[in-house]
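coords-v2.pdb (PDB, C-alpha atoms, pLDDT in the B column)
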```
ATOM      1  CA  MET A   1      53.900  35.889  76.209  1.00 62.00           C
ATOM      2  CA  THR A   2      50.694  35.889  78.226  1.00 90.00           C
ATOM      3  CA  VAL A   3      50.714  34.213  81.608  1.00 96.00           C
ATOM      4  CA  TYR A   4      47.956  34.864  84.139  1.00 97.00           C
ATOM      5  CA  ILE A   5      47.791  34.376  87.887  1.00 98.00           C
ATOM      6  CA  ASP A   6      44.831  34.566  90.245  1.00 97.00           C
ATOM      7  CA  PRO A   7      44.997  35.781  93.874  1.00 97.00           C
ATOM      8  CA  PRO A   8      46.241  33.330  96.509  1.00 97.00           C
ATOM      9  CA  ASN A   9      42.744  32.332  97.686  1.00 94.00           C
ATOM     10  CA  TRP A  10      43.072  28.556  97.605  1.00 90.00           C
ATOM     11  CA  PRO A  11      43.933  26.817 100.910  1.00 94.00           C
ATOM     12  CA  GLY A  12      45.990  23.643 101.033  1.00 91.00           C
ATOM     13  CA  HIS A  13      48.744  22.087 103.090  1.00 92.00           C
ATOM     14  CA  GLY A  14      48.694  24.965 105.607  1.00 94.00           C
ATOM     15  CA  ARG A  15      49.262  27.620 102.916  1.00 95.00           C
ATOM     16  CA  MET A  16      47.337  29.757 100.468  1.00 97.00           C
ATOM     17  CA  TRP A  17      47.812  29.172  96.736  1.00 97.00           C
ATOM     18  CA  SER A  18      47.345  30.864  93.372  1.00 97.00           C
ATOM     19  CA  HIS A  19      46.912  29.259  89.979  1.00 96.00           C
ATOM     20  CA  MET A  20      49.110  30.311  87.083  1.00 97.00           C
ATOM     21  CA  VAL A  21      48.147  29.586  83.454  1.00 96.00           C
ATOM     22  CA  SER A  22      49.016  30.477  79.872  1.00 95.00           C
ATOM     23  CA  ASP A  23      46.479  31.174  77.156  1.00 92.00           C
ATOM     24  CA  VAL A  24      49.069  30.400  74.468  1.00 92.00           C
ATOM     25  CA  SER A  25      50.778  27.062  75.225  1.00 93.00           C
ATOM     26  CA  TYR A  26      52.055  24.745  77.923  1.00 94.00           C
ATOM     27  CA  ASP A  27      55.585  25.352  76.623  1.00 95.00           C
ATOM     28  CA  GLU A  28      55.179  29.050  77.394  1.00 95.00           C
ATOM     29  CA  LEU A  29      53.804  28.248  80.841  1.00 96.00           C
ATOM     30  CA  HIS A  30      56.633  25.814  81.661  1.00 96.00           C
ATOM     31  CA  ALA A  31      59.268  28.304  80.495  1.00 97.00           C
ATOM     32  CA  PHE A  32      57.761  31.086  82.607  1.00 97.00           C
ATOM     33  CA  ALA A  33      57.496  28.796  85.640  1.00 97.00           C
ATOM     34  CA  ALA A  34      61.148  27.800  85.260  1.00 97.00           C
ATOM     35  CA  ARG A  35      62.178  31.490  85.104  1.00 96.00           C
ATOM     36  CA  ILE A  36      60.516  32.188  88.454  1.00 96.00           C
ATOM     37  CA  GLY A  37      61.831  28.997  90.041  1.00 95.00           C
ATOM     38  CA  ALA A  38      58.568  27.047  90.231  1.00 95.00           C
ATOM     39  CA  PRO A  39      59.364  23.339  90.501  1.00 96.00           C
ATOM     40  CA  PRO A  40      57.964  20.944  87.868  1.00 95.00           C
ATOM     41  CA  ARG A  41      55.969  19.179  90.597  1.00 95.00           C
ATOM     42  CA  ALA A  42      53.880  22.372  90.967  1.00 96.00           C
ATOM     43  CA  PHE A  43      52.320  21.715  87.530  1.00 95.00           C
ATOM     44  CA  ASP A  44      48.823  20.294  87.953  1.00 90.00           C
ATOM     45  CA  GLY A  45      47.558  19.238  84.537  1.00 86.00           C
ATOM     46  CA  ASP A  46      46.889  22.671  83.037  1.00 90.00           C
ATOM     47  CA  HIS A  47      48.198  25.141  85.616  1.00 93.00           C
ATOM     48  CA  TYR A  48      50.894  25.715  88.188  1.00 97.00           C
ATOM     49  CA  ASP A  49      50.084  25.980  91.865  1.00 96.00           C
ATOM     50  CA  VAL A  50      51.978  28.981  93.232  1.00 97.00           C
ATOM     51  CA  PRO A  51      52.243  29.566  97.003  1.00 97.00           C
ATOM     52  CA  SER A  52      51.224  33.004  98.281  1.00 97.00           C
ATOM     53  CA  GLU A  53      54.805  33.909  99.181  1.00 96.00           C
ATOM     54  CA  ARG A  54      55.788  33.537  95.484  1.00 96.00           C
ATOM     55  CA  TYR A  55      52.820  35.494  94.069  1.00 97.00           C
ATOM     56  CA  ALA A  56      54.701  38.815  93.953  1.00 97.00           C
ATOM     57  CA  ASP A  57      57.629  37.116  92.168  1.00 96.00           C
ATOM     58  CA  ALA A  58      55.304  35.878  89.421  1.00 97.00           C
ATOM     59  CA  VAL A  59      53.711  39.311  88.988  1.00 98.00           C
ATOM     60  CA  ALA A  60      57.117  41.028  88.963  1.00 97.00           C
ATOM     61  CA  ALA A  61      58.226  38.604  86.224  1.00 97.00           C
ATOM     62  CA  GLY A  62      55.240  39.573  84.078  1.00 97.00           C
ATOM     63  CA  ALA A  63      52.276  37.406  85.075  1.00 97.00           C
ATOM     64  CA  ILE A  64      49.034  39.337  84.693  1.00 97.00           C
ATOM     65  CA  GLU A  65      46.814  39.456  87.766  1.00 98.00           C
ATOM     66  CA  VAL A  66      43.222  38.352  87.113  1.00 97.00           C
ATOM     67  CA  GLY A  67      40.372  37.003  89.203  1.00 95.00           C
ATOM     68  CA  SER A  68      39.836  33.264  89.442  1.00 94.00           C
ATOM     69  CA  LYS A  69      36.790  33.233  87.148  1.00 95.00           C
ATOM     70  CA  GLU A  70      38.658  35.265  84.525  1.00 95.00           C
ATOM     71  CA  LEU A  71      41.638  32.905  84.755  1.00 93.00           C
ATOM     72  CA  VAL A  72      39.421  29.865  84.119  1.00 92.00           C
ATOM     73  CA  ARG A  73      37.631  31.669  81.273  1.00 93.00           C
ATOM     74  CA  ARG A  74      40.914  32.502  79.534  1.00 92.00           C
ATOM     75  CA  LEU A  75      42.252  28.983  80.028  1.00 90.00           C
ATOM     76  CA  THR A  76      39.057  27.420  78.687  1.00 91.00           C
ATOM     77  CA  GLU A  77      38.872  29.737  75.661  1.00 87.00           C
ATOM     78  CA  SER A  78      42.492  28.953  74.816  1.00 84.00           C
ATOM     79  CA  GLY A  79      41.667  25.244  74.493  1.00 75.00           C
ATOM     80  CA  LEU A  80      44.292  24.366  77.125  1.00 78.00           C
ATOM     81  CA  ARG A  81      41.826  23.541  79.927  1.00 85.00           C
ATOM     82  CA  ARG A  82      42.028  19.908  80.948  1.00 84.00           C
ATOM     83  CA  PRO A  83      39.172  18.189  82.771  1.00 75.00           C
ATOM     84  CA  LYS A  84      39.691  17.514  86.456  1.00 72.00           C
ATOM     85  CA  ARG A  85      40.897  14.056  87.259  1.00 64.00           C
ATOM     86  CA  ARG A  86      38.369  11.923  89.071  1.00 61.00           C
ATOM     87  CA  ALA A  87      39.374   9.844  92.042  1.00 58.00           C
ATOM     88  CA  THR A  88      39.046   6.124  91.447  1.00 60.00           C
ATOM     89  CA  PRO A  89      36.745   4.346  93.903  1.00 61.00           C
TER      90      PRO A  89
END
```
Turn the structure described in the file into structure tokens.
Amino acid sequence: MTVYIDPPNWPGHGRMWSHMVSDVSYDELHAFAARIGAPPRAFDGDHYDVPSERYADAVAAGAIEVGSKELVRRLTESGLRRPKRRATP
């Protein structure tokens, strides 16, 4: 099992957020997220958004800490990266 998490550097909704991904499968990612209590609504296409107060829980459960660029690189190389959704005009 290989799940990665980047530092909580992403602002939104009055909080700071991390991204959590798998380089193996979405099934692995969903199972890991369920183990740490991340709600299904936190899944955003190819990653989970994890609030800063839950970062330590993810790391304690086995998520590997990497920088944001490394996280995107691993996700892209795995073939699991999904293109960002574009807003409709």
(request) Tell me which protein, DNA and RNA residues are within 9 Å of segment 34-49 of chain A, counting only C-alpha atoms, leaving out same-chain ones fewer than 3 positions away, and put them as a PyMOL selection string. (result) chain A and resi 17-22+26+29-31+54+57-58+61+75+80-85
(request) Measuring atom to atom with only C-alpha atoms, identify which of A:Glu65, A:Glu77, A:Glu70, A:Glu53 is nearest to Ile5 of chain A. (result) A:Glu65
(request) Grab the atom CA of Val24 of chain A to atom CA of Gly79 of chain A distance for me, in Å with one decimal place. (result) 9.0 Å
(message) For a test of reading the model, state the distance in Å between atom CA of Met16 of chain A and atom CA of Ser68 of chain A, rounded to one decimal.
(response)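 Result for atom CA of Met16 of chain A versus atom CA of Ser68 of chain A: 13.8 Å, one decimal.
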(message) Using only C-alpha atoms for the distances, tell me which of A:Arg15, A:Val3, A:Ser78, A:Asn9 is nearest to Ala60 of chain A.
(response)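 Of A:Arg15, A:Val3, A:Ser78, A:Asn9, the one nearest Ala60 of chain A, counting only C-alpha atoms, is A:Val3.
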(message) Let me make sure I understand: among A:Pro7, A:Ala33, A:Gly14, A:Thr2, which one has the smallest atom-to-atom distance to Ala56 of chain A if we use all atoms listed in the file?
(response) A:Pro7
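With atom CA of Lys69 of chain A on one side and atom CA of Phe32 of chain A on the other, the separation reads 21.6 Å.
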Build an axis-aligned box that encloses every atom of segment 13-26 of chain A listed in the file, pad it by 4 Å on each side, and report its centre and edge lengths in Å to one decimal, as AutoDock Vina command-line options.
```
--center_x 49.3 --center_y 26.6 --center_z 90.0 --size_x 13.6 --size_y 17.1 --size_z 39.1
```
